[in-house]
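Inspection log for the structure reproduced underneath, given as structure tokens.
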Amino acid sequence: MTAFDRDFTMTIDGQGLAGAARMPVLNPATETVVASAPLCSEAELDAAVAAARAAFPGWRATPIETRRAAVRRIGEVIGANMADFTRLFTLEQGRPLAKASEELMGAAFWAGHVATQDIPVLVSEDTPERRAETRRVPIGVVGAIVPWNFPMLLGVWKIAGALLTGNTLVIKPSPFTPLTMLKLGELMRPHLPPGVLNVVSGGDALGPWMTAHSGIDKVSFTGSTATGKRVMASAAQSLKRITLELGGNDAAIVLGDVDVAAVAAPLFWSAFVNSGQVCIATKRLYVHDTVYDALAAELTAIAERVRMGDGLAPGSELGPIQNRPQYDRVRALIADARDAGLRFLTGGDVPDGKGYFIPVTLVDNPPEDSRVVAEEAFGPVLPLIRFTDVDDVIARANASHYGLAGSVWSADVDAAQAIAARLDTGTVWINEAQHVAPWLPFGGHKQSGIGIENGVEGLMEYTNAQTIMVRKPAVAA
Ligand code: NAD
């Protein structure tokens with residue numbers, strides 16, 4: 001028995017394609033099959049890329065206002081099907097319904113906002129001899145690859161930016177969460193010329209086929225740092241343009257002057273929303289010695305109150321880990337902490353039974369070189385680490401090959417700003433965390449990525465610069 005009486009199809013050249021082979025998609029809360037998805041073959045990928053190439057000249061020549069309307073339509077289609085999308089999202093991704101609908105509303109909002117964005121033309125020279133303008137032109141066929149933790153939001157970021165700027169697209173969701181993106185492809189068929197938006201789903205071979213494909217001009221990838229390196233190596237063979245949004249090990253630095261009761265809940269959720277499976281989750285919590293015990297007590301109390309369960313059950317605030325391999329990785333990290341003799345403030349015992357549930361786990365002041373501090377947990381496990389000296393905590397926060405984001409918490413905003421400026425990360429929040437928006441450039445330093453998503457800088461990643469110079473006629477003296 002599956003929860004759906006239909007199976008999902010890829011969208012290739014405006015047509016639905018069930019694929020010769022199919023793969024099951026599991027509900028991580030119950031480990032039962034939700035539905036099946038196509039296992040795209042290499043020939044089917046070739047067809048999707050050929051369709052995108054054929055559609056490119058027409059789409060780049062389409063007036064920008066028409067392209068804006070198409071991007072806006074993505075948001076309208078999500079909005080008009082919100083209830084179905086939300087339930088499907090929870091079934092395949094695991095996140096509780098209320099949080100699932102936040103992601104879908106976010107995706108719809110994003111499409112609506114990106115539809116209004118522009119890249120200004122730069123007048124780079126305007127002299128009596130010459131006028132030079134630098135414009136941004138589309139690159140061609142974009143291959144977009146997204147992970148399972150935010151399958152719709154991160155997908156729509158790429159679709160909206162690529163289509164607005166005149167590119168065509170082949171997008172691949174994660175094999176663990178393909179259904180919502182396949183459904184979006186199906187619903188968008190009547191609203192786009194064939195080949196402009198192709199949605200393919202498949203197994204482990206499909207991503208590498210895309211990054212090596214000679215018909216793809218640019219890869220926009222979101223996923224782990226390890227995979228990002230493979231994407232970059234493969235894309236180098238044909239010098240494809242790349243945007244890489246990769247992993248993080250974000251530090252939150254909490255100074256001694258905070259109102260502990262006020263910051264405890266936002267700090268808790270900065271680490272544990274989506275059960276910690278967020279690239280920009282707080283993954284190392286540095287707390288000044290003077291407030292460490294009080295904050296640890298508040299966080300422990302919240303952790304013990306929070307309701308974890310099947311995302312379809314009313315009242316669930318946190319869902320399971322999204323998939324079995326990630327569940328095994330997070331369990332191994334907890335086992336390593338236990339074997340190393342580290343102390344848990346709460347959690348640490350993973351229950352038996354169906355579903356990939358791992359309780360919220362707080363680790364008490366582990367050493368910097370413990371795996372739970374040094375590695376990206378990507379699950380509901382958070383180390384709390386004491387500090388006394390600001391220079392020392394900045395050095396510890398920066399002692400990572402990641403540089404995605406971080407946050408500083410203090411009643412003294414100037415002091416917090418001074419710390420923020422010294423963090424080697426693409427984003428720093430002060431007295432909040434995880435805020436992203438379509439107008440805010442987002443990207444990682446160091447091994448957290450290359451390039452930017454969102455804002456004008458994000459749109460530019462889907463373009464090449466083209467400078468056009470006009471020699472002016474000589475003016476008679
Ligand atoms: P992943 O790297 O395993 O997979 C990401 C995507 O790449 C999936 O669609 C997968 O099928 C595909 N893929 C796998 N191997 C590939 C290859 N060799 N070539 C091309 N594609 C390949 O990552 P994940 O486990 O799905 O996601 C979790 C990771 O993503 C975490 O590290 C997280 O921090 C990161 N992430 C980063 C951001 C960001 O914006 N910086 C956002 C969300 C998640």
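In the structure tokens, chains take the letters A, B, ... in the order shown, each chain's residues start at 1, and ligands count up from 1 in the order shown.
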_At most 7 Å from ligand 1 (only C-alpha atoms and all ligand atoms): residue list as an MDAnalysis selection string_ = chainID A and resid 145:150 172:175 203:204 207:208 210:211 222:228 230:231 245:248 278:279 378 404 443:444 448:449
For the selection just defined, write its residues with N, CA, C and O atoms to a file, as a short mmCIF file (atom, residue, chain, number, x, y, z; two decimals), in the first residue's frame.
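Result file out-v5.cif:
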```cif
data_model
loop_
_atom_site.label_atom_id
_atom_site.label_comp_id
_atom_site.auth_asym_id
_atom_site.auth_seq_id
_atom_site.Cartn_x
_atom_site.Cartn_y
_atom_site.Cartn_z
N ILE A 145 21.44 20.75 -8.96
CA ILE A 145 21.47 19.54 -8.13
C ILE A 145 21.20 19.96 -6.70
O ILE A 145 21.90 20.83 -6.16
N VAL A 146 20.19 19.36 -6.07
CA VAL A 146 19.80 19.82 -4.72
C VAL A 146 19.79 18.66 -3.73
O VAL A 146 19.62 17.50 -4.10
N PRO A 147 19.95 18.99 -2.42
CA PRO A 147 19.97 17.96 -1.38
C PRO A 147 18.57 17.69 -0.82
O PRO A 147 17.58 18.29 -1.27
N TRP A 148 18.52 16.83 0.19
CA TRP A 148 17.23 16.38 0.73
C TRP A 148 16.75 17.22 1.92
O TRP A 148 15.65 17.02 2.40
N ASN A 149 17.58 18.13 2.42
CA ASN A 149 17.15 18.80 3.67
C ASN A 149 16.16 19.94 3.43
O ASN A 149 15.28 20.18 4.23
N PHE A 150 16.30 20.65 2.28
CA PHE A 150 15.32 21.67 1.88
C PHE A 150 15.03 21.47 0.39
O PHE A 150 15.43 22.28 -0.45
N LYS A 172 17.76 18.23 -10.73
CA LYS A 172 17.75 16.89 -10.14
C LYS A 172 17.60 17.00 -8.63
O LYS A 172 18.51 17.45 -7.94
N PRO A 173 16.46 16.56 -8.08
CA PRO A 173 16.35 16.50 -6.62
C PRO A 173 17.14 15.32 -6.08
O PRO A 173 17.62 14.47 -6.84
N SER A 174 17.29 15.28 -4.75
CA SER A 174 17.96 14.13 -4.11
C SER A 174 17.13 12.87 -4.31
O SER A 174 15.90 12.92 -4.30
N PRO A 175 17.78 11.71 -4.43
CA PRO A 175 17.02 10.46 -4.53
C PRO A 175 16.15 10.21 -3.29
O PRO A 175 15.18 9.46 -3.34
N GLY A 203 19.24 7.77 -9.35
CA GLY A 203 20.10 7.25 -8.30
C GLY A 203 21.46 7.94 -8.27
O GLY A 203 21.63 9.05 -8.80
N ASP A 204 22.43 7.26 -7.69
CA ASP A 204 23.74 7.87 -7.45
C ASP A 204 24.50 8.22 -8.74
O ASP A 204 25.39 9.05 -8.71
N GLY A 207 23.78 12.35 -10.81
CA GLY A 207 24.51 13.60 -10.57
C GLY A 207 25.82 13.64 -11.36
O GLY A 207 26.10 14.61 -12.08
N PRO A 208 26.65 12.57 -11.24
CA PRO A 208 27.90 12.56 -12.02
C PRO A 208 27.67 12.63 -13.53
O PRO A 208 28.45 13.28 -14.24
N MET A 210 25.36 14.30 -14.92
CA MET A 210 25.05 15.71 -15.21
C MET A 210 26.30 16.57 -15.21
O MET A 210 26.51 17.39 -16.11
N THR A 211 27.14 16.38 -14.18
CA THR A 211 28.31 17.28 -14.08
C THR A 211 29.31 17.02 -15.21
O THR A 211 30.10 17.90 -15.54
N THR A 222 23.97 22.29 -4.57
CA THR A 222 23.91 22.43 -3.12
C THR A 222 24.00 21.03 -2.51
O THR A 222 23.24 20.14 -2.88
N GLY A 223 24.93 20.86 -1.60
CA GLY A 223 25.11 19.56 -0.96
C GLY A 223 26.34 19.58 -0.09
O GLY A 223 26.79 20.64 0.36
N SER A 224 26.91 18.42 0.13
CA SER A 224 28.04 18.32 1.07
C SER A 224 29.34 18.80 0.42
O SER A 224 29.48 18.80 -0.80
N THR A 225 30.29 19.14 1.27
CA THR A 225 31.60 19.58 0.77
C THR A 225 32.29 18.46 0.01
O THR A 225 32.91 18.70 -1.05
N ALA A 226 32.18 17.23 0.51
CA ALA A 226 32.84 16.10 -0.18
C ALA A 226 32.30 15.96 -1.60
O ALA A 226 33.08 15.82 -2.56
N THR A 227 31.00 16.03 -1.76
CA THR A 227 30.42 15.91 -3.12
C THR A 227 30.76 17.13 -3.94
O THR A 227 31.04 17.03 -5.14
N GLY A 228 30.76 18.30 -3.31
CA GLY A 228 31.10 19.54 -4.03
C GLY A 228 32.46 19.45 -4.70
O GLY A 228 32.65 19.94 -5.82
N ARG A 230 33.85 16.72 -5.81
CA ARG A 230 33.71 15.84 -6.98
C ARG A 230 33.02 16.60 -8.13
O ARG A 230 33.39 16.44 -9.30
N VAL A 231 32.05 17.43 -7.78
CA VAL A 231 31.35 18.22 -8.80
C VAL A 231 32.34 19.16 -9.49
O VAL A 231 32.37 19.27 -10.72
N GLU A 245 27.19 25.43 -3.09
CA GLU A 245 26.74 25.77 -1.72
C GLU A 245 26.90 24.51 -0.88
O GLU A 245 26.16 23.54 -1.07
N LEU A 246 27.86 24.51 0.03
CA LEU A 246 28.28 23.26 0.65
C LEU A 246 28.03 23.24 2.16
O LEU A 246 27.20 23.99 2.66
N GLY A 247 28.76 22.41 2.86
CA GLY A 247 28.49 22.20 4.27
C GLY A 247 28.96 23.34 5.15
O GLY A 247 29.62 24.28 4.71
N GLY A 248 28.61 23.23 6.42
CA GLY A 248 29.02 24.25 7.39
C GLY A 248 29.18 23.64 8.77
O GLY A 248 28.69 22.53 9.03
N VAL A 278 20.27 21.34 8.75
CA VAL A 278 20.27 22.63 8.07
C VAL A 278 21.72 23.03 7.87
O VAL A 278 22.52 22.96 8.82
N CYS A 279 22.06 23.47 6.66
CA CYS A 279 23.46 23.85 6.43
C CYS A 279 23.88 24.95 7.38
O CYS A 279 25.00 24.97 7.88
N PHE A 378 24.93 17.53 11.35
CA PHE A 378 23.75 17.45 10.47
C PHE A 378 22.68 16.55 11.06
O PHE A 378 22.13 15.67 10.42
N LEU A 404 30.73 28.79 6.48
CA LEU A 404 29.42 29.12 5.92
C LEU A 404 28.79 30.32 6.62
O LEU A 404 28.59 31.37 6.02
N GLY A 443 26.44 32.82 0.64
CA GLY A 443 27.45 31.90 0.11
C GLY A 443 28.51 31.64 1.15
O GLY A 443 28.64 32.39 2.13
N GLY A 444 29.28 30.60 0.96
CA GLY A 444 30.24 30.21 1.97
C GLY A 444 31.66 30.65 1.66
O GLY A 444 32.04 30.79 0.50
N SER A 448 33.17 25.89 2.44
CA SER A 448 31.71 25.90 2.44
C SER A 448 31.14 26.32 1.10
O SER A 448 29.90 26.37 0.96
N GLY A 449 31.98 26.63 0.14
CA GLY A 449 31.39 26.87 -1.17
C GLY A 449 32.16 27.84 -2.03
O GLY A 449 33.16 28.43 -1.62
#
```
*Write out as a PyMOL selection string the residues lying within 8 Å of A:Asn198, counting only C-alpha atoms and excluding same-chain residues fewer than 5 positions away.*
chain A and resi 10-14+48+52+169-171+185
_From a backbone DSSP assignment, name each residue in stretch 147-346 of chain A labelled strand (DSSP E), as an NGL selection string._
:A and (168-172 or 197-199 or 218-222 or 241-245 or 250-254 or 282-288 or 343-346)
*asked:* Nearest residue to A:Val114 out of A:Gly143, A:Gly403, A:Gly458, A:Gly315, using only C-alpha atoms?
replied: A:Gly458
_alpha helix (DSSP H) positions in stretch 362-472 of chain A, given as a PyMOL selection string_ = chain A and resi 371-374+390-398+413-420+455-460
*asked:* Show me, as a PyMOL selection string, the residues that have an atom within 10 Å of A:Gly202 when counting only C-alpha atoms, minus same-chain residues fewer than 4 positions from it.
replied: chain A and resi 10+19+21-23+37-42+45+172-176+178+206-207
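For the atom pair formed by atom CA of A:Asn431 and atom CA of A:Ala303, the distance is 20.4 Å, given to one decimal.
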*Residue neighbourhood A:Phe8, 7 Å, only C-alpha atoms, exclusion window fewer than 6 positions, as a ChimeraX atom specification*: /A:18,36-37,179,182-183
I need the residues from that last selection saved to file as an mmCIF file, in the first residue's frame (with N, CA and C atoms), if you can.
```
data_model
loop_
_atom_site.group_PDB
_atom_site.id
_atom_site.type_symbol
_atom_site.label_atom_id
_atom_site.label_comp_id
_atom_site.auth_asym_id
_atom_site.auth_seq_id
_atom_site.Cartn_x
_atom_site.Cartn_y
_atom_site.Cartn_z
ATOM 1 N N ALA A 18 7.638 8.338 -17.238
ATOM 2 C CA ALA A 18 7.646 7.503 -16.033
ATOM 3 C C ALA A 18 8.994 6.835 -15.833
ATOM 4 N N SER A 36 6.658 5.781 -5.778
ATOM 5 C CA SER A 36 7.899 5.507 -6.497
ATOM 6 C C SER A 36 8.230 6.687 -7.403
ATOM 7 N N ALA A 37 9.513 6.783 -7.748
ATOM 8 C CA ALA A 37 9.992 7.872 -8.609
ATOM 9 C C ALA A 37 10.831 7.260 -9.729
ATOM 10 N N LEU A 179 9.923 13.696 -4.726
ATOM 11 C CA LEU A 179 8.514 13.752 -5.135
ATOM 12 C C LEU A 179 7.974 15.175 -5.285
ATOM 13 N N LEU A 182 9.311 16.661 -8.497
ATOM 14 C CA LEU A 182 8.671 16.043 -9.670
ATOM 15 C C LEU A 182 7.260 16.623 -9.847
ATOM 16 N N LYS A 183 6.566 16.803 -8.726
ATOM 17 C CA LYS A 183 5.197 17.348 -8.789
ATOM 18 C C LYS A 183 5.216 18.790 -9.308
#
```
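Of the listed residues A:Gly215, A:Pro28, A:Gly406, A:Gly161, the one whose atoms come nearest to A:Lys283 is A:Gly406, with distances taken using only C-alpha atoms.
Between atom CA of A:Ala416 and atom CA of A:Ser400 lies a distance of 20.4 Å.
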